[in-house]
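Novice: What follows is the file upload-v2.cif, containing mmCIF, C-alpha atoms:
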```
data_final
#
loop_
_atom_site.label_atom_id
_atom_site.label_comp_id
_atom_site.auth_asym_id
_atom_site.auth_seq_id
_atom_site.Cartn_x
_atom_site.Cartn_y
_atom_site.Cartn_z
CA MET A 201 61.28 -44.37 -25.86
CA ASP A 202 60.57 -48.11 -25.85
CA TYR A 203 57.22 -48.01 -27.63
CA ILE A 204 56.10 -47.08 -31.13
CA LEU A 205 52.84 -45.11 -31.56
CA VAL A 206 51.33 -44.49 -35.00
CA ASP A 207 47.99 -42.83 -35.76
CA GLY A 208 46.36 -43.71 -39.07
CA PHE A 209 48.37 -46.93 -39.13
CA LEU A 210 46.46 -48.79 -41.83
CA PRO A 211 46.05 -47.25 -45.29
CA GLN A 212 42.36 -46.58 -46.07
CA GLU A 213 41.96 -49.65 -48.29
CA GLU A 214 43.40 -51.92 -45.57
CA LEU A 215 41.27 -50.19 -42.93
CA ASN A 216 38.12 -50.90 -44.96
CA LYS A 217 39.10 -54.57 -45.34
CA THR A 218 39.91 -54.82 -41.63
CA MET A 219 36.54 -53.36 -40.57
CA LYS A 220 34.74 -55.77 -42.90
CA GLU A 221 36.68 -58.69 -41.42
CA ILE A 222 35.98 -57.48 -37.87
CA ASP A 223 32.24 -57.54 -38.69
CA PHE A 224 32.63 -61.15 -39.87
CA LEU A 225 34.69 -62.17 -36.82
CA HIS A 226 32.38 -60.51 -34.27
CA GLY A 227 29.92 -63.38 -34.61
CA LYS A 228 32.70 -65.89 -33.89
CA MET A 229 33.82 -64.25 -30.65
CA HIS A 230 33.25 -65.86 -27.27
CA THR A 231 32.78 -64.15 -23.94
CA ILE A 232 35.84 -64.30 -21.69
CA GLU A 233 33.57 -64.67 -18.66
CA ASP A 234 32.18 -67.94 -20.12
CA ASP A 235 35.45 -69.59 -19.09
CA GLU A 236 35.94 -68.69 -15.43
CA GLU A 237 39.53 -70.01 -15.34
CA THR A 238 40.53 -67.92 -18.38
CA ALA A 239 38.76 -64.85 -16.98
CA LYS A 240 40.76 -65.12 -13.74
CA ALA A 241 44.02 -65.75 -15.61
CA VAL A 242 43.66 -62.72 -17.88
CA SER A 243 41.79 -60.48 -15.41
CA ALA A 244 39.60 -59.25 -18.22
CA THR A 245 36.03 -58.97 -19.35
CA GLY A 246 34.67 -58.76 -22.88
CA LYS A 247 34.74 -60.95 -25.98
CA ARG A 248 37.59 -62.32 -28.03
CA VAL A 249 38.66 -64.74 -30.72
CA TRP A 250 42.08 -66.03 -31.80
CA LEU A 251 42.42 -65.46 -35.55
CA GLU A 252 44.51 -68.60 -36.01
CA GLU A 253 41.58 -70.64 -34.66
CA VAL A 254 39.23 -69.16 -37.28
CA TYR A 255 41.62 -69.28 -40.23
CA LYS A 256 43.47 -72.54 -40.73
CA ASP A 257 45.03 -70.89 -43.81
CA GLN A 258 46.12 -67.32 -43.10
CA TYR A 259 45.64 -66.46 -46.76
CA TYR A 260 41.90 -66.05 -46.11
CA SER A 261 42.40 -63.25 -43.57
CA ASP A 262 43.24 -59.73 -44.70
CA ILE A 263 44.33 -58.95 -41.13
CA LEU A 264 46.82 -61.84 -41.03
CA ARG A 265 48.07 -61.21 -44.57
CA TYR A 266 48.75 -57.55 -43.73
CA LYS A 267 50.62 -58.62 -40.60
CA ASN A 268 52.78 -61.04 -42.57
CA ASP A 269 53.36 -58.81 -45.61
CA TYR A 270 53.74 -55.34 -44.08
CA ILE A 271 54.46 -55.59 -40.36
CA LYS A 272 57.12 -58.24 -40.89
CA GLY A 273 58.44 -56.39 -43.94
CA GLU A 274 61.76 -54.58 -44.23
CA ALA A 275 60.34 -51.01 -44.29
CA PHE A 276 58.36 -51.42 -41.06
CA ILE A 277 61.20 -53.16 -39.24
CA SER A 278 63.64 -50.40 -40.30
CA TYR A 279 61.17 -47.80 -39.01
CA ILE A 280 60.70 -49.35 -35.57
CA VAL A 281 64.41 -50.09 -35.04
CA LYS A 282 65.27 -46.49 -35.99
CA HIS A 283 62.80 -45.14 -33.41
CA SER A 284 63.57 -47.51 -30.54
CA PRO A 285 66.78 -49.55 -30.11
CA CYS A 286 64.95 -52.16 -28.00
CA MET A 287 63.01 -53.07 -31.15
CA ARG A 288 66.17 -54.60 -32.71
CA GLN A 289 65.09 -57.91 -31.23
CA PHE A 290 62.11 -57.80 -33.64
CA LEU A 291 64.57 -58.84 -36.38
CA ASP A 292 64.68 -62.30 -34.78
CA VAL A 293 60.91 -62.77 -34.46
CA ASN A 294 59.79 -66.01 -36.12
CA TRP A 295 56.38 -66.63 -34.53
CA SER A 296 53.23 -64.64 -33.90
CA SER A 297 49.61 -65.04 -32.89
CA SER A 298 46.71 -62.63 -33.27
CA LEU A 299 43.72 -61.91 -31.05
CA LEU A 300 40.62 -59.82 -31.76
CA SER A 301 39.00 -58.41 -28.60
CA TYR A 302 35.82 -56.43 -28.13
CA TYR A 303 34.98 -54.20 -25.16
CA GLU A 304 31.68 -52.58 -24.12
CA ASN A 305 29.54 -52.16 -20.99
CA THR A 306 32.41 -51.60 -18.52
CA ASN A 307 34.57 -54.34 -20.07
CA HIS A 308 38.23 -53.86 -19.18
CA TYR A 309 41.60 -55.57 -18.89
CA LYS A 310 43.40 -55.32 -15.54
CA THR A 311 47.12 -54.66 -15.22
CA HIS A 312 49.13 -57.53 -16.68
CA TYR A 313 52.07 -58.34 -18.92
CA ASP A 314 52.10 -60.62 -21.94
CA LYS A 315 54.15 -63.79 -22.37
CA SER A 316 55.75 -62.86 -25.65
CA LEU A 317 58.57 -60.59 -26.83
CA PHE A 318 56.55 -57.73 -28.36
CA THR A 319 52.90 -56.74 -28.22
CA MET A 320 51.26 -54.72 -30.99
CA LEU A 321 47.80 -53.27 -30.38
CA MET A 322 45.62 -51.72 -33.07
CA TRP A 323 42.34 -50.05 -32.09
CA PHE A 324 39.22 -49.85 -34.20
CA TYR A 325 35.60 -48.82 -33.81
CA LYS A 326 32.63 -47.97 -35.95
CA GLU A 327 32.21 -44.27 -36.66
CA PRO A 328 30.96 -42.16 -35.06
CA LYS A 329 32.58 -43.15 -31.78
CA GLU A 330 29.82 -44.19 -29.37
CA PHE A 331 31.80 -44.98 -26.22
CA THR A 332 34.05 -43.47 -23.60
CA GLY A 333 36.99 -45.07 -21.84
CA GLY A 334 39.08 -47.88 -23.25
CA GLU A 335 42.36 -46.05 -22.71
CA LEU A 336 45.57 -48.06 -22.60
CA VAL A 337 47.75 -47.42 -19.55
CA LEU A 338 51.45 -48.24 -19.42
CA PRO A 339 52.12 -47.62 -15.69
CA GLU A 340 55.88 -48.22 -15.89
CA VAL A 341 56.18 -45.62 -18.63
CA GLY A 342 53.76 -43.28 -16.84
CA GLU A 343 51.58 -42.76 -19.92
CA THR A 344 47.96 -43.24 -20.88
CA PHE A 345 46.91 -43.51 -24.52
CA ASP A 346 43.45 -42.60 -25.78
CA CYS A 347 41.63 -45.10 -27.95
CA ILE A 348 41.75 -43.51 -31.40
CA ASN A 349 40.43 -45.36 -34.43
CA ASN A 350 43.23 -46.95 -36.51
CA ARG A 351 45.90 -46.24 -33.90
CA MET A 352 48.76 -48.70 -33.37
CA ILE A 353 51.08 -49.03 -30.42
CA MET A 354 53.88 -51.56 -30.12
CA PHE A 355 55.89 -52.18 -26.96
CA PRO A 356 57.93 -54.86 -25.20
CA SER A 357 55.48 -57.46 -23.89
CA TRP A 358 56.99 -57.44 -20.41
CA TYR A 359 55.66 -53.91 -19.82
CA TYR A 360 52.70 -53.90 -17.47
CA HIS A 361 49.62 -52.57 -19.25
CA GLU A 362 45.87 -52.32 -18.73
CA VAL A 363 42.70 -51.19 -20.50
CA LYS A 364 40.34 -48.86 -18.65
CA PRO A 365 36.61 -49.75 -18.62
CA VAL A 366 34.61 -48.97 -21.75
CA LYS A 367 31.15 -47.40 -21.49
CA VAL A 368 29.05 -47.56 -24.66
CA ASN A 369 26.17 -45.31 -25.69
CA LYS A 370 24.82 -47.85 -28.20
CA PRO A 371 25.19 -51.65 -28.00
CA GLY A 372 27.55 -53.02 -30.64
CA MET A 373 29.46 -49.74 -30.92
CA GLY A 374 32.34 -50.56 -28.58
CA ARG A 375 36.12 -50.82 -28.86
CA TYR A 376 37.85 -53.48 -30.97
CA THR A 377 41.50 -54.34 -30.51
CA ILE A 378 43.65 -56.47 -32.74
CA THR A 379 46.60 -57.72 -30.73
CA HIS A 380 49.58 -59.30 -32.44
CA PHE A 381 51.93 -61.15 -30.10
CA PHE A 382 55.44 -61.57 -31.53
CA ASN A 383 57.95 -64.05 -30.21
CA ILE A 384 61.02 -66.15 -30.97
CA ARG A 385 60.59 -69.89 -31.06
CA PRO A 386 63.44 -72.40 -31.45
#
```
Would you encode the structure as structure tokens?
Specialist:
Amino acid sequence: MDYILVDGFLPQEELNKTMKEIDFLHGKMHTIEDDEETAKAVSATGKRVWLEEVYKDQYYSDILRYKNDYIKGEAFISYIVKHSPCMRQFLDVNWSSSLLSYYENTNHYKTHYDKSLFTMLMWFYKEPKEFTGGELVLPEVGETFDCINNRMIMFPSWYYHEVKPVKVNKPGMGRYTITHFFNIRP
């Protein structure tokens, strides 16, 4: 198995901080469709913001601090390497970037691969869940993953993947994804 799937990924305190930060960041997001060239390149619809563009100092972001302290920590790396040998390469990761995306009203992400070494997705939404869709599909693995609040999946970035359209019952109650892209830079 070349992916890692964890439900209830963030401890409750971190989840609360993350949801608060997502509320703050929502107002800073821009619509992908506003930039036609980007929309064609990523074959996506929805809103997004790069966290590194908002926070010049990562200390001010709970999301980025958690990534740097826990995800790049020894316990997490030992866990992923134990569960998937292809994750050994994560030991050499020395660069990352983080994207917050928001999907509603049939927003989606067509089949694509990422230009990094590993992709980590974490899904969040306000309770109760007020949308359908938003599943992640890994066609080469032959699996589809439901969007469950506080679920994390990590996989090699060269895997093709897509997000099915999201249909919301109430505006503002869609699917949030935090994507961490991990890579090796000289």
Novice: Name all residues at most 12 Å from Arg385 (chain A) (count all atoms listed in the file; drop same-chain ones fewer than 3 positions away) and give them as a PyMOL selection string.
Specialist: chain A and resi 292-296+316-317+382
Novice: Find the residue from A:Tyr359, A:Phe324, A:Phe345, A:Phe331 that sits nearest to Glu221 (chain A); use only C-alpha atoms when measuring.
Specialist: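 Answer, going by the shortest atom-to-atom distance: A:Phe324.
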Novice: Which residues are close to region 207-219 of chain A, i.e. within 6 Å by all atoms listed in the file, leaving aside same-chain residues fewer than 3 positions away? Reply as a list in words.
Specialist: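 These residues fall inside the cut-off: Ile222, Asn350 and Arg351 of chain A.
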Novice: Can you pull out the residues contacting region 258-265 of chain A? Cut-off 9 Å, using all atoms listed in the file, and skip same-chain residues under 2 positions away; I want them as a VMD selection string.
Specialist: chain A and resid 214 217 to 218 221 251 to 252 255 to 256 267 to 270 298 378
Novice: What does the file look like for those residues with C-alpha atoms, as an mmCIF file, in the frame of the given file?
Specialist:
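What follows is the written file out_14.cif:
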```cif
data_model
loop_
_atom_site.group_PDB
_atom_site.id
_atom_site.type_symbol
_atom_site.label_atom_id
_atom_site.label_comp_id
_atom_site.auth_asym_id
_atom_site.auth_seq_id
_atom_site.Cartn_x
_atom_site.Cartn_y
_atom_site.Cartn_z
ATOM 1 C CA GLU A 214 43.400 -51.920 -45.570
ATOM 2 C CA LYS A 217 39.100 -54.570 -45.340
ATOM 3 C CA THR A 218 39.910 -54.820 -41.630
ATOM 4 C CA GLU A 221 36.680 -58.690 -41.420
ATOM 5 C CA LEU A 251 42.420 -65.460 -35.550
ATOM 6 C CA GLU A 252 44.510 -68.600 -36.010
ATOM 7 C CA TYR A 255 41.620 -69.280 -40.230
ATOM 8 C CA LYS A 256 43.470 -72.540 -40.730
ATOM 9 C CA LYS A 267 50.620 -58.620 -40.600
ATOM 10 C CA ASN A 268 52.780 -61.040 -42.570
ATOM 11 C CA ASP A 269 53.360 -58.810 -45.610
ATOM 12 C CA TYR A 270 53.740 -55.340 -44.080
ATOM 13 C CA SER A 298 46.710 -62.630 -33.270
ATOM 14 C CA ILE A 378 43.650 -56.470 -32.740
#
```
Novice: Excluding Gly227 (chain A) and any residue of its chain fewer than 2 positions from it, enumerate the residues within 12 Å of it, using all atoms listed in the file, and give them as a ChimeraX atom specification.
Specialist: /A:221-225,229-231,247-249,254,300-302,372
Novice: Point out the residue among A:Glu274, A:Gln289, A:His361, A:Pro371 with the least atom-to-atom distance to Gly342 (chain A), counting only C-alpha atoms.
Specialist: A:His361
Novice: From the list A:Pro356, A:Pro386, A:Gly333, A:Pro339, which residue is nearest Asn307 (chain A) when using only C-alpha atoms?
Specialist: A:Gly333
Novice: Mind telling me what the PyMOL selection byres ((chain A and resi 204) around 6) catches here, as a PyMOL selection string?
Specialist: chain A and resi 203+205+353-354
Novice: Please enumerate the residues selected by the PyMOL selection byres ((chain A and resi 338) around 10) when evaluated against the supplied file, formatted as a PyMOL selection string.
Specialist: chain A and resi 311-312+335-337+339-345+355+359-363
Novice: Name all residues at most 6 Å from Met352 (chain A) (count all atoms listed in the file; drop same-chain ones fewer than 4 positions away) and give them as an MDAnalysis selection string.
Specialist: chainID A and resid 205:206 321:322
Novice: Please report the interatomic distance between CA of Glu304 (chain A) and CA of Pro365 (chain A) in Å with one decimal.
Specialist: 7.9 Å
Novice: Would you mind telling me which residue in A:Met373, A:Ile271, A:Met287, A:Val281 lies nearest to Tyr325 (chain A) when using all atoms listed in the file?
Specialist: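 With all atoms listed in the file as the atom set, the closest residue is A:Met373.
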Novice: Go through A:Lys228, A:Asp202, A:Gly374, A:Lys364 and flag the residue nearest Lys282 (chain A), using only C-alpha atoms for the distances.
Specialist: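 Answer, going by the shortest atom-to-atom distance: A:Asp202.
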Novice: Which residue gives the smallest distance to His380 (chain A) among A:Tyr266, A:Cys286, A:Lys310, A:Tyr303, with only C-alpha atoms counted?
Specialist: A:Tyr266
Novice: In Å, how far is it from CA of Lys326 (chain A) to CA of Thr245 (chain A)?
Specialist: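 Separation of CA of Lys326 (chain A) and CA of Thr245 (chain A): 20.2 Å.
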Novice: Just how far from CA of Asn383 (chain A) is CA of Ile280 (chain A), in Å to one decimal?
Specialist: 15.9 Å
